[in-house]
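Asks: run-v1.cif is reproduced below (mmCIF, C-alpha atoms).
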data_my_file
#
loop_
_atom_site.label_atom_id
_atom_site.label_comp_id
_atom_site.auth_asym_id
_atom_site.auth_seq_id
_atom_site.Cartn_x
_atom_site.Cartn_y
_atom_site.Cartn_z
CA MET A 1 14.87 -36.53 31.37
CA VAL A 2 12.76 -34.23 29.21
CA LYS A 3 9.84 -36.64 29.38
CA LYS A 4 10.24 -36.93 33.15
CA ARG A 5 10.14 -33.16 33.54
CA GLN A 6 7.07 -32.92 31.30
CA ALA A 7 5.34 -35.59 33.39
CA TYR A 8 6.27 -33.74 36.58
CA PHE A 9 4.91 -30.49 35.15
CA GLU A 10 1.63 -32.19 34.23
CA SER A 11 1.26 -33.88 37.63
CA ALA A 12 2.14 -30.71 39.55
CA THR A 13 -0.16 -28.39 37.60
CA GLY A 14 -2.91 -30.59 36.21
CA ALA A 15 -2.20 -29.07 32.78
CA LYS A 16 -1.06 -30.93 29.67
CA VAL A 17 2.24 -30.44 27.85
CA ASN A 18 1.04 -30.42 24.25
CA HIS A 19 2.34 -27.65 21.99
CA VAL A 20 5.22 -26.89 24.33
CA GLY A 21 6.51 -30.44 23.98
CA LYS A 22 6.67 -30.41 20.18
CA TYR A 23 10.00 -29.24 18.81
CA SER A 24 12.50 -30.00 16.06
CA ILE A 25 15.74 -29.19 17.87
CA ASN A 26 17.93 -31.72 19.67
CA PRO A 27 17.84 -31.07 23.45
CA ASN A 28 21.49 -32.15 23.63
CA ASP A 29 22.38 -29.08 21.58
CA LEU A 30 20.95 -26.77 24.24
CA LYS A 31 23.58 -27.31 26.93
CA GLY A 32 24.69 -23.88 28.03
CA ASN A 33 21.49 -22.26 26.77
CA ILE A 34 18.82 -23.49 29.19
CA GLU A 35 18.32 -25.63 32.29
CA HIS A 36 15.40 -27.96 33.15
CA PHE A 37 14.27 -28.03 29.50
CA ILE A 38 10.70 -29.22 28.81
CA GLY A 39 9.96 -27.78 25.37
CA VAL A 40 9.69 -24.59 23.35
CA ALA A 41 7.65 -21.42 23.09
CA GLN A 42 6.52 -21.03 19.50
CA VAL A 43 6.29 -17.44 18.23
CA PRO A 44 4.92 -16.89 14.72
CA ILE A 45 7.48 -15.62 12.20
CA GLY A 46 6.57 -13.47 9.23
CA ILE A 47 8.80 -11.95 6.58
CA ALA A 48 9.03 -8.35 5.41
CA GLY A 49 10.88 -6.98 2.44
CA PRO A 50 12.96 -7.11 0.49
CA LEU A 51 14.64 -4.02 1.88
CA LYS A 52 17.48 -2.40 -0.04
CA ILE A 53 20.38 -1.48 2.24
CA ASN A 54 23.41 0.55 1.26
CA GLY A 55 25.63 -0.27 4.20
CA GLU A 56 29.34 -0.77 4.58
CA HIS A 57 28.70 -4.39 5.54
CA ALA A 58 25.08 -5.03 4.53
CA GLN A 59 24.78 -4.38 0.82
CA GLY A 60 21.86 -5.46 -1.33
CA GLU A 61 18.28 -6.53 -0.74
CA PHE A 62 17.27 -8.46 2.36
CA VAL A 63 14.10 -10.35 3.25
CA VAL A 64 13.79 -10.01 7.02
CA PRO A 65 12.26 -12.48 9.51
CA LEU A 66 10.13 -10.93 12.25
CA ALA A 67 8.81 -12.99 15.17
CA THR A 68 5.73 -11.44 16.75
CA THR A 69 2.12 -11.95 17.78
CA GLU A 70 1.19 -8.30 17.20
CA GLY A 71 -1.18 -7.87 14.29
CA THR A 72 -0.20 -5.20 11.70
CA LEU A 73 3.45 -5.18 12.76
CA VAL A 74 4.87 -7.15 9.83
CA ALA A 75 2.56 -5.37 7.40
CA SER A 76 3.66 -1.99 8.75
CA TYR A 77 7.36 -2.76 8.41
CA ASN A 78 6.78 -4.18 4.95
CA ARG A 79 5.04 -0.96 3.92
CA GLY A 80 7.93 1.11 5.23
CA MET A 81 10.41 -1.04 3.32
CA LYS A 82 8.48 -0.56 0.09
CA LEU A 83 8.60 3.21 0.55
CA LEU A 84 12.33 3.25 1.33
CA ASN A 85 13.12 1.06 -1.67
CA MET A 86 11.33 3.48 -3.99
CA SER A 87 13.73 6.22 -2.87
CA GLY A 88 16.89 4.16 -3.25
CA GLY A 89 16.98 2.26 0.02
CA VAL A 90 18.64 2.89 3.39
CA THR A 91 22.18 3.98 4.15
CA ALA A 92 23.38 2.28 7.34
CA THR A 93 26.58 2.94 9.29
CA VAL A 94 28.08 1.39 12.42
CA VAL A 95 29.95 4.23 14.13
CA ASP A 96 31.04 2.68 17.45
CA ASP A 97 31.40 -0.68 19.18
CA ALA A 98 31.81 -1.30 22.92
CA MET A 99 30.78 -3.77 25.61
CA GLN A 100 31.34 -2.99 29.28
CA ARG A 101 31.93 -4.35 32.72
CA ALA A 102 32.08 -1.73 35.46
CA PRO A 103 33.83 -2.61 38.72
CA VAL A 104 33.96 -0.28 41.71
CA PHE A 105 36.89 0.16 44.08
CA ILE A 106 36.27 1.55 47.57
CA PHE A 107 38.76 3.62 49.55
CA SER A 108 38.92 5.28 52.94
CA ASN A 109 38.36 8.72 51.40
CA ALA A 110 37.89 10.60 48.15
CA ARG A 111 41.58 11.43 47.83
CA GLY A 112 42.46 7.76 47.80
CA ALA A 113 39.96 7.11 45.00
CA ARG A 114 41.34 10.05 43.00
CA ASP A 115 44.95 8.86 43.28
CA PHE A 116 43.91 5.33 42.33
CA VAL A 117 42.44 6.57 39.04
CA LYS A 118 45.73 8.32 38.24
CA TRP A 119 47.54 5.03 38.80
CA ILE A 120 45.07 3.17 36.56
CA LYS A 121 45.84 5.57 33.70
CA GLN A 122 49.58 5.09 34.18
CA ASN A 123 49.25 1.29 34.07
CA ILE A 124 46.70 0.89 31.28
CA ASP A 125 49.06 -1.17 29.10
CA LYS A 126 49.57 -3.83 31.76
CA ILE A 127 45.86 -3.85 32.64
CA ARG A 128 45.04 -4.36 28.95
CA GLU A 129 47.52 -7.23 28.76
CA GLU A 130 45.94 -9.00 31.73
CA ALA A 131 42.41 -8.53 30.40
CA GLU A 132 43.10 -9.65 26.85
CA ALA A 133 44.98 -12.76 28.02
CA THR A 134 41.59 -14.33 28.89
CA SER A 135 40.26 -14.28 25.32
CA SER A 136 41.43 -14.38 21.72
CA VAL A 137 38.57 -12.05 20.82
CA ALA A 138 38.14 -9.46 23.58
CA LYS A 139 40.07 -6.21 23.04
CA LEU A 140 40.18 -3.59 25.78
CA THR A 141 39.86 -0.23 24.03
CA TYR A 142 39.67 2.16 26.97
CA ILE A 143 38.61 2.55 30.61
CA ASP A 144 36.24 5.31 31.68
CA ASN A 145 36.54 6.52 35.26
CA PHE A 146 33.91 8.18 37.42
CA LEU A 147 34.57 9.39 40.96
CA SER A 148 31.90 9.81 43.62
CA ASN A 149 32.28 10.04 47.39
CA LYS A 150 35.08 7.58 48.21
CA PHE A 151 34.30 5.29 45.27
CA ALA A 152 36.20 4.85 42.02
CA PHE A 153 33.96 3.46 39.30
CA LEU A 154 35.85 2.04 36.32
CA ARG A 155 33.96 1.25 33.13
CA PHE A 156 36.01 -1.20 31.05
CA ASN A 157 35.16 -0.94 27.34
CA PHE A 158 35.86 -3.90 25.04
CA ARG A 159 35.33 -4.98 21.47
CA THR A 160 33.96 -8.52 21.46
CA GLY A 161 33.92 -9.66 17.83
CA ASP A 162 30.71 -11.34 16.70
CA ALA A 163 29.53 -12.19 20.22
CA ALA A 164 27.41 -9.89 22.36
CA GLY A 165 30.16 -10.40 24.89
CA GLN A 166 28.77 -9.76 28.38
CA ASN A 167 30.29 -12.94 29.82
CA MET A 168 33.47 -12.46 27.82
CA VAL A 169 34.10 -8.99 29.21
CA GLY A 170 33.20 -10.19 32.70
CA ARG A 171 36.03 -12.74 32.61
CA ALA A 172 38.47 -10.26 31.11
CA THR A 173 37.65 -7.52 33.60
CA PHE A 174 37.89 -9.94 36.53
CA ALA A 175 41.39 -10.94 35.43
CA ALA A 176 42.46 -7.31 35.10
CA CYS A 177 41.00 -6.46 38.51
CA GLY A 178 42.89 -9.38 40.05
CA TRP A 179 46.14 -7.82 38.87
CA ILE A 180 45.04 -4.40 40.14
CA LEU A 181 44.19 -5.78 43.60
CA ASP A 182 47.59 -7.50 43.78
CA ASN A 183 49.51 -4.38 42.83
CA TYR A 184 47.76 -1.42 44.45
CA GLU A 185 47.61 -0.81 48.18
CA GLY A 186 44.79 0.98 49.94
CA ILE A 187 41.76 -0.66 48.33
CA GLU A 188 39.29 -1.37 51.13
CA ASN A 189 36.70 -3.23 49.07
CA PHE A 190 35.93 -4.19 45.50
CA TYR A 191 32.98 -5.43 43.43
CA LEU A 192 33.32 -6.73 39.89
CA GLU A 193 30.04 -5.07 38.89
CA SER A 194 28.86 -1.80 40.36
CA ASN A 195 25.62 -1.60 38.36
CA PHE A 196 27.32 1.08 36.25
CA ALA A 197 27.64 -1.07 33.14
CA THR A 198 23.82 -0.95 33.25
CA ASP A 199 23.60 -4.52 31.97
CA LYS A 200 20.05 -5.08 30.64
CA LYS A 201 18.85 -1.72 31.90
CA ALA A 202 18.11 1.45 29.96
CA SER A 203 20.46 4.29 30.91
CA GLN A 204 21.66 7.70 29.84
CA ILE A 205 25.31 6.62 29.88
CA ASN A 206 24.62 3.99 27.22
CA ILE A 207 23.06 6.65 25.03
CA MET A 208 26.08 8.91 25.46
CA ARG A 209 28.93 6.37 25.49
CA THR A 210 27.64 3.36 23.47
CA ARG A 211 26.93 -0.19 24.64
CA GLY A 212 26.97 -2.84 21.94
CA LYS A 213 26.85 -1.23 18.51
CA ARG A 214 26.06 2.43 17.80
CA VAL A 215 24.46 2.38 14.38
CA THR A 216 22.64 4.93 12.23
CA ALA A 217 20.18 4.29 9.40
CA GLU A 218 19.13 7.16 7.14
CA ALA A 219 17.29 7.87 3.92
CA THR A 220 15.83 10.70 1.86
CA ILE A 221 12.26 9.91 0.81
CA LYS A 222 10.73 11.58 -2.22
CA ARG A 223 7.62 13.65 -1.61
CA GLU A 224 5.75 11.94 -4.43
CA HIS A 225 6.52 8.52 -2.96
CA LEU A 226 5.16 9.51 0.45
CA LEU A 227 2.01 10.82 -1.18
CA GLN A 228 1.65 7.71 -3.36
CA VAL A 229 2.35 4.99 -0.79
CA MET A 230 1.48 6.62 2.55
CA ARG A 231 -1.02 9.29 1.48
CA VAL A 232 0.84 11.85 3.55
CA ASP A 233 2.87 14.97 2.79
CA PRO A 234 6.42 15.28 4.19
CA LYS A 235 5.36 18.48 5.97
CA GLN A 236 2.79 16.52 8.00
CA ILE A 237 5.39 14.03 9.22
CA ASP A 238 7.92 16.76 9.97
CA TYR A 239 5.40 18.76 11.99
CA HIS A 240 4.22 15.73 13.94
CA GLY A 241 7.85 14.89 14.71
CA ARG A 242 8.40 18.31 16.27
CA VAL A 243 5.24 18.04 18.36
CA ALA A 244 6.19 14.51 19.45
CA ALA A 245 9.65 15.77 20.49
CA VAL A 246 7.91 17.84 23.17
CA GLY A 247 6.02 14.76 24.32
CA SER A 248 9.31 12.83 24.49
CA PHE A 249 10.88 15.57 26.60
CA LEU A 250 7.95 15.75 28.99
CA SER A 251 7.84 12.00 29.50
CA GLY A 252 11.59 11.59 30.01
CA VAL A 253 11.66 8.67 27.59
CA ASN A 254 14.95 7.29 26.18
CA ASN A 255 13.63 7.33 22.61
CA THR A 256 12.54 10.22 20.43
CA GLY A 257 11.14 7.87 17.81
CA LEU A 258 7.89 5.93 17.83
CA HIS A 259 8.40 2.19 18.23
CA SER A 260 11.92 0.97 17.52
CA PRO A 261 11.60 -1.82 20.15
CA ASN A 262 8.91 -3.45 18.00
CA GLY A 263 11.26 -4.24 15.13
CA ILE A 264 14.22 -4.90 17.39
CA THR A 265 12.31 -7.37 19.57
CA ALA A 266 10.80 -9.18 16.58
CA MET A 267 14.25 -9.61 15.03
CA PHE A 268 15.82 -10.57 18.37
CA ILE A 269 13.31 -13.37 18.94
CA ALA A 270 13.62 -14.64 15.38
CA THR A 271 17.43 -14.69 15.37
CA GLY A 272 18.27 -15.94 18.86
CA GLN A 273 19.43 -12.72 20.47
CA ASP A 274 19.17 -12.22 24.23
CA VAL A 275 15.76 -10.55 24.29
CA ALA A 276 16.42 -8.92 27.68
CA ASN A 277 18.93 -6.72 25.86
CA VAL A 278 16.00 -4.89 24.27
CA SER A 279 15.97 -2.82 27.47
CA GLU A 280 19.24 -1.19 26.38
CA SER A 281 18.72 -1.55 22.65
CA SER A 282 15.38 0.29 22.80
CA ALA A 283 17.08 3.68 23.06
CA ALA A 284 16.97 5.66 19.81
CA MET A 285 17.32 9.19 18.48
CA MET A 286 15.01 9.95 15.57
CA TYR A 287 15.61 12.99 13.40
CA SER A 288 13.93 14.35 10.28
CA GLU A 289 14.11 17.46 8.13
CA LEU A 290 12.54 18.79 4.96
CA THR A 291 14.90 19.18 2.02
CA ASP A 292 14.93 22.18 -0.31
CA ASP A 293 13.06 20.01 -2.84
CA GLY A 294 10.26 19.24 -0.38
CA ASP A 295 11.42 15.67 0.25
CA LEU A 296 11.89 14.15 3.70
CA TYR A 297 15.25 13.20 5.18
CA VAL A 298 14.90 10.71 8.05
CA SER A 299 17.56 9.26 10.30
CA ILE A 300 17.62 7.08 13.39
CA THR A 301 20.58 6.33 15.65
CA ILE A 302 20.50 3.33 17.96
CA PRO A 303 23.28 3.96 20.49
CA SER A 304 23.25 0.65 22.37
CA LEU A 305 22.25 -2.15 20.01
CA ILE A 306 23.45 -5.42 21.55
CA VAL A 307 23.55 -8.13 18.91
CA ALA A 308 25.47 -11.29 18.06
CA THR A 309 25.86 -13.56 15.07
CA TYR A 310 27.90 -16.20 16.84
CA GLY A 311 27.49 -17.91 20.21
CA GLY A 312 24.64 -17.64 22.68
CA GLY A 313 21.31 -18.62 21.16
CA THR A 314 22.26 -17.82 17.56
CA GLY A 315 23.11 -21.40 16.61
CA ILE A 316 19.85 -23.05 17.69
CA GLY A 317 17.41 -24.44 15.12
CA THR A 318 15.07 -21.73 13.88
CA GLN A 319 17.29 -18.95 15.17
CA ARG A 320 20.20 -20.04 13.03
CA GLU A 321 17.92 -20.47 10.02
CA CYS A 322 16.63 -16.91 10.40
CA LEU A 323 20.16 -15.54 10.60
CA GLU A 324 21.08 -17.56 7.54
CA LEU A 325 18.08 -16.08 5.71
CA ILE A 326 19.84 -12.71 5.83
CA ASP A 327 23.37 -14.19 5.56
CA CYS A 328 24.26 -13.15 9.09
CA TYR A 329 25.12 -16.40 10.84
CA GLY A 330 28.68 -16.96 12.01
CA ARG A 331 31.84 -14.95 12.30
CA ASP A 332 32.50 -11.57 10.70
CA ARG A 333 28.79 -10.84 10.33
CA VAL A 334 27.84 -8.78 13.38
CA TYR A 335 28.27 -5.31 11.80
CA LYS A 336 26.23 -6.47 8.84
CA PHE A 337 23.47 -7.64 11.17
CA ALA A 338 23.54 -4.37 13.10
CA GLU A 339 23.11 -2.41 9.87
CA ILE A 340 20.15 -4.59 8.89
CA VAL A 341 18.45 -4.18 12.27
CA ALA A 342 18.81 -0.39 12.16
CA SER A 343 17.49 -0.27 8.59
CA VAL A 344 14.46 -2.34 9.56
CA VAL A 345 13.84 -0.01 12.49
CA LEU A 346 13.86 2.98 10.16
CA ALA A 347 11.29 1.29 7.93
CA GLY A 348 9.01 0.82 10.93
CA GLU A 349 9.48 4.40 12.07
CA ILE A 350 8.52 5.97 8.74
CA SER A 351 5.57 3.61 8.36
CA LEU A 352 4.08 4.41 11.76
CA ALA A 353 4.90 8.12 11.50
CA SER A 354 3.02 8.20 8.21
CA ALA A 355 0.07 6.31 9.66
CA ILE A 356 -0.22 8.66 12.63
CA SER A 357 0.20 11.78 10.52
CA SER A 358 -2.45 10.64 8.02
CA SER A 359 -4.77 9.17 10.70
CA ASP A 360 -4.47 5.67 9.19
CA TRP A 361 -3.15 4.19 12.42
CA VAL A 362 -6.39 3.07 14.06
CA SER A 363 -8.02 1.98 10.79
CA SER A 364 -5.02 -0.27 10.02
CA HIS A 365 -5.34 -2.01 13.37
CA GLU A 366 -9.06 -2.41 12.78
CA GLU A 367 -8.39 -4.12 9.45
CA TYR A 368 -5.36 -6.27 10.31
CA GLY A 369 -5.09 -6.44 14.08
CA ARG A 370 -7.03 -7.65 17.06
CA ASN A 371 -9.16 -4.50 17.37
CA ARG A 372 -11.72 -5.58 14.81
#
Represent the structure from my file as C-alpha cells, please.
Replies:
Amino acid sequence: MVKKRQAYFESATGAKVNHVGKYSINPNDLKGNIEHFIGVAQVPIGIAGPLKINGEHAQGEFVVPLATTEGTLVASYNRGMKLLNMSGGVTATVVDDAMQRAPVFIFSNARGARDFVKWIKQNIDKIREEAEATSSVAKLTYIDNFLSNKFAFLRFNFRTGDAAGQNMVGRATFAACGWILDNYEGIENFYLESNFATDKKASQINIMRTRGKRVTAEATIKREHLLQVMRVDPKQIDYHGRVAAVGSFLSGVNNTGLHSPNGITAMFIATGQDVANVSESSAAMMYSELTDDGDLYVSITIPSLIVATYGGGTGIGTQRECLELIDCYGRDRVYKFAEIVASVVLAGEISLASAISSSDWVSSHEEYGRNR
C-alpha cells in the first residue's frame, strides 16, 4: 500500500518520491499515528551538552538531542549549557500538573447556569468517580467554573501520568458529562469542548492555571564565568532584560524571555512530542536579578509545557531513541523529561541574552548560520 501511494503521488504531481520514501521504521508500527503513510520527513538532529541538572527527577548530566534546520541553534544551546555547568548546573522543579477538557452547558438564563455550578460542586465526588472509571491513569483533581451570559463553562483538570493526555481527558470528561446530563434538569444544550481548554492555542488562562506541566528552571551564574565564556557583564544582561520587558508589554506577547520555543520545538521533534503543542508550551516567564556579589540569578517558568514519555509518537524509531538518550522513555519519566526541557530552555535563554547584550548575535549567525 505504501508503494501504491508513492506511485500515486508521483503520477499526480510529476515529482519523485526519493528521500521521503527512505525510512528505517516499520509502517505497521505506525497504526494510530498517521494515515495514508508514504514516508518520512527527515530533520537533522544535533546534540548539545552535557548539561548538569539538579532536579527532583532529573539528576546528573544529560546530552540532549535537538532536531532543527536553524544554523547556530545547537551551538547556542551548547554554549549556554557550558556556562551553566561552570556555575553548578540548573535547579529544575515541576510545581503543577494538569490537563483539561472544558465543556459548556447552556441554560435558559444566567440564574440557571449559576445554580447548575452549585450543584456541580455538591456532586464532585460522583462526577470524579464517573470520569476516572474510563481510565486507570486519569485522575480528576478539580473543576474550574466560569459563568458568562447564560453559559456555564466547566474546566475539568486531570493528571494523566506519562501521557500528554488530551484524548484521555476527553473520554473521561465525556463520561462525566453523560452522568451530569442524566441527572440534572434544565440543560438546554451541551458541547464537550467549548474552546476554553485552549487545546493547541496560546492563552492567558494556561499561563495562570497550568496546562501540562508547570516547571521552573533556575541558576545563579558567576560574574567571572559570564565574562569568560560570554564576554558580557551581568549588569548588561540585567539591564537588557528590563528594557526587553517593556517591549514584551507593548507587544502583548505571552513570553517575557527571548526564544524558548526554539529549544522546546527542537526537543519536541527529536523526541516524538505533538509539535502543535508548542503553541501552548511557548509561554514563559523569564526573570533575572543581580546578587549582592555581582553574579546573575536567572529563572524561567514554563506554565503550560505539554510533554509525554509514553504513548503518542514517543515509541517510534528515532523518537524513542532520542528519549532513551536522556533516559526518558516509558513510564514514570515525564517529570524528569519536563525538568530537562526547562533546563535546556534556560541554557538557550542565557546564551541568546548574552549574545544580544554583547552584540555577538549577528556575528554568530554570520559565522555559523545561513547569513554568511
Asks: Considering only C-alpha atoms, state which residue in the set A:Arg242, A:Arg159, A:Lys118, A:Arg223 is at the smallest distance from Asp96 (chain A).
Replies: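 Smallest separation from Asp96 (chain A) among the options: A:Arg159.
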Asks: Would you mind reading off the distance between CA of Lys235 (chain A) and CA of Gly247 (chain A), one decimal, in Å?
Replies: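 Separation between CA of Lys235 (chain A) and CA of Gly247 (chain A): 18.7 Å.
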Asks: Grab all the atoms of region 297-300 of chain A that the file lists, wrap them in a box along x, y and z, add 8 Å per side, and give me centre plus edge lengths in Å (one decimal) as AutoDock Vina command-line options.
Replies:
--center_x 16.3 --center_y 10.1 --center_z 9.3 --size_x 18.7 --size_y 22.1 --size_z 24.2
Asks: Evaluating the PyMOL selection byres ((chain A and resi 123) around 12) on the displayed file yields which residues, as a PDB file with C-alpha atoms, in the coordinates of the input?
Replies:
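Ended up saving to part-v3.pdb:
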ATOM      1  CA  PHE A 116      43.910   5.330  42.330  1.00  0.00           C
ATOM      2  CA  VAL A 117      42.440   6.570  39.040  1.00  0.00           C
ATOM      3  CA  LYS A 118      45.730   8.320  38.240  1.00  0.00           C
ATOM      4  CA  TRP A 119      47.540   5.030  38.800  1.00  0.00           C
ATOM      5  CA  ILE A 120      45.070   3.170  36.560  1.00  0.00           C
ATOM      6  CA  LYS A 121      45.840   5.570  33.700  1.00  0.00           C
ATOM      7  CA  GLN A 122      49.580   5.090  34.180  1.00  0.00           C
ATOM      8  CA  ILE A 124      46.700   0.890  31.280  1.00  0.00           C
ATOM      9  CA  ASP A 125      49.060  -1.170  29.100  1.00  0.00           C
ATOM     10  CA  LYS A 126      49.570  -3.830  31.760  1.00  0.00           C
ATOM     11  CA  ILE A 127      45.860  -3.850  32.640  1.00  0.00           C
ATOM     12  CA  ARG A 128      45.040  -4.360  28.950  1.00  0.00           C
ATOM     13  CA  GLU A 129      47.520  -7.230  28.760  1.00  0.00           C
ATOM     14  CA  GLU A 130      45.940  -9.000  31.730  1.00  0.00           C
ATOM     15  CA  TYR A 142      39.670   2.160  26.970  1.00  0.00           C
ATOM     16  CA  ILE A 143      38.610   2.550  30.610  1.00  0.00           C
ATOM     17  CA  ALA A 176      42.460  -7.310  35.100  1.00  0.00           C
ATOM     18  CA  TRP A 179      46.140  -7.820  38.870  1.00  0.00           C
ATOM     19  CA  ILE A 180      45.040  -4.400  40.140  1.00  0.00           C
ATOM     20  CA  ASN A 183      49.510  -4.380  42.830  1.00  0.00           C
ATOM     21  CA  TYR A 184      47.760  -1.420  44.450  1.00  0.00           C
TER      22      TYR A 184
END
Asks: Give me the result of the PyMOL selection byres ((chain A and resi 208-210) around 12) on this file, residue by residue, as a ChimeraX atom specification.
Replies: /A:94-100,142-144,155-159,197-198,202-207,211-215,254,280-281,283-285,301-306
Asks: Counting all atoms listed in the file, which residues of region 107-224 of chain A fall within 9 Å of region 311-324 of chain A, and what is the closest atom pair for each with its distance in Å at one decimal, ordered by chain and rising number, as CSV?
Replies:
residue,atom,partner,partner_atom,distance
A:Asp162,CA,A:Gly311,CA,8.1
A:Ala163,CA,A:Gly311,CA,6.1
A:Ala164,CA,A:Gly312,CA,8.2
Asks: What is the distance, in Å and to one decimal place, between CA of Ile326 (chain A) and CA of Val63 (chain A)?
Replies: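 Distance reported for this atom pair: 6.7 Å.
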Asks: Once the PyMOL selection byres ((chain A and resi 225) around 12) has been applied to the shown file, what residues remain in the selection, as JSON, numbers by chain?
Replies: {"A": [79, 80, 82, 83, 84, 85, 86, 87, 88, 220, 221, 222, 223, 224, 226, 227, 228, 229, 230, 231, 232, 233, 234, 294, 295, 296, 354]}
Asks: Could you take the residues named above and write them with C-alpha atoms, as an mmCIF file, in the frame of the given file?
Replies:
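Output below, filename again20.cif:
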data_model
loop_
_atom_site.group_PDB
_atom_site.id
_atom_site.type_symbol
_atom_site.label_atom_id
_atom_site.label_comp_id
_atom_site.auth_asym_id
_atom_site.auth_seq_id
_atom_site.Cartn_x
_atom_site.Cartn_y
_atom_site.Cartn_z
ATOM 1 C CA ARG A 79 5.040 -0.960 3.920
ATOM 2 C CA GLY A 80 7.930 1.110 5.230
ATOM 3 C CA LYS A 82 8.480 -0.560 0.090
ATOM 4 C CA LEU A 83 8.600 3.210 0.550
ATOM 5 C CA LEU A 84 12.330 3.250 1.330
ATOM 6 C CA ASN A 85 13.120 1.060 -1.670
ATOM 7 C CA MET A 86 11.330 3.480 -3.990
ATOM 8 C CA SER A 87 13.730 6.220 -2.870
ATOM 9 C CA GLY A 88 16.890 4.160 -3.250
ATOM 10 C CA THR A 220 15.830 10.700 1.860
ATOM 11 C CA ILE A 221 12.260 9.910 0.810
ATOM 12 C CA LYS A 222 10.730 11.580 -2.220
ATOM 13 C CA ARG A 223 7.620 13.650 -1.610
ATOM 14 C CA GLU A 224 5.750 11.940 -4.430
ATOM 15 C CA LEU A 226 5.160 9.510 0.450
ATOM 16 C CA LEU A 227 2.010 10.820 -1.180
ATOM 17 C CA GLN A 228 1.650 7.710 -3.360
ATOM 18 C CA VAL A 229 2.350 4.990 -0.790
ATOM 19 C CA MET A 230 1.480 6.620 2.550
ATOM 20 C CA ARG A 231 -1.020 9.290 1.480
ATOM 21 C CA VAL A 232 0.840 11.850 3.550
ATOM 22 C CA ASP A 233 2.870 14.970 2.790
ATOM 23 C CA PRO A 234 6.420 15.280 4.190
ATOM 24 C CA GLY A 294 10.260 19.240 -0.380
ATOM 25 C CA ASP A 295 11.420 15.670 0.250
ATOM 26 C CA LEU A 296 11.890 14.150 3.700
ATOM 27 C CA SER A 354 3.020 8.200 8.210
#
Asks: Just checking: using only C-alpha atoms, which residue out of A:Asp238, A:Ala270, A:Phe249, A:Asp327 ends up closest to Ile356 (chain A)?
Replies: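 Selected residue with least distance to Ile356 (chain A): A:Asp238.
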Asks: Quick one: residues within 10 Å of Ala75 (chain A), all atoms listed in the file, excluding same-chain residues fewer than 5 positions away - as an mmCIF file with C-alpha atoms, in the frame of the given file?
Replies:
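Writing the result to selection_11.cif gives the following:
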data_model
loop_
_atom_site.group_PDB
_atom_site.id
_atom_site.type_symbol
_atom_site.label_atom_id
_atom_site.label_comp_id
_atom_site.auth_asym_id
_atom_site.auth_seq_id
_atom_site.Cartn_x
_atom_site.Cartn_y
_atom_site.Cartn_z
ATOM 1 C CA GLY A 46 6.570 -13.470 9.230
ATOM 2 C CA ILE A 47 8.800 -11.950 6.580
ATOM 3 C CA ALA A 48 9.030 -8.350 5.410
ATOM 4 C CA GLY A 49 10.880 -6.980 2.440
ATOM 5 C CA GLY A 80 7.930 1.110 5.230
ATOM 6 C CA MET A 81 10.410 -1.040 3.320
ATOM 7 C CA GLY A 348 9.010 0.820 10.930
ATOM 8 C CA SER A 351 5.570 3.610 8.360
ATOM 9 C CA SER A 364 -5.020 -0.270 10.020
ATOM 10 C CA TYR A 368 -5.360 -6.270 10.310
#
Asks: Write out as a PyMOL selection string each polymer residue whose atoms come within 12 Å of region 37-45 of chain A, counting only C-alpha atoms; drop sequence neighbours fewer than 4 positions from it.
Replies: chain A and resi 1-10+16-33+64-71+73-74+265-271+316-319+321-322
Asks: Just give me the gap between CA of Glu61 (chain A) and CA of Ser76 (chain A) in Å, one decimal is fine.
Replies: 18.0 Å
Asks: With all atoms listed in the file as the counted atoms, please give the residues lying no more than 10 Å from Ala244 (chain A), apart from itself and same-chain residues fewer than 4 positions off, as a list in words.
Replies: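 My list of contacting residues is Asp238, Tyr239, His240, Ser248, Phe249, Leu250, Thr256, Gly257 and Leu258 of chain A.
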Asks: Taking only C-alpha atoms into account, which of A:Glu188, A:Glu132, A:Asp199, A:Asp332 comes nearest Ser279 (chain A)?
Replies: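 The shortest atom-to-atom distance to Ser279 (chain A) comes from A:Asp199.
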Asks: Return the single residue from A:Ile264, A:Ala58, A:Leu154, A:Cys328 that is closest to Tyr310 (chain A), with distances computed using all atoms listed in the file.
Replies: A:Cys328
Asks: Rank A:Thr216, A:Ala308, A:Ser251, A:His259 by their smallest atom-to-atom distance to Tyr287 (chain A), using only C-alpha atoms, and report the top residue only.
Replies: A:Thr216
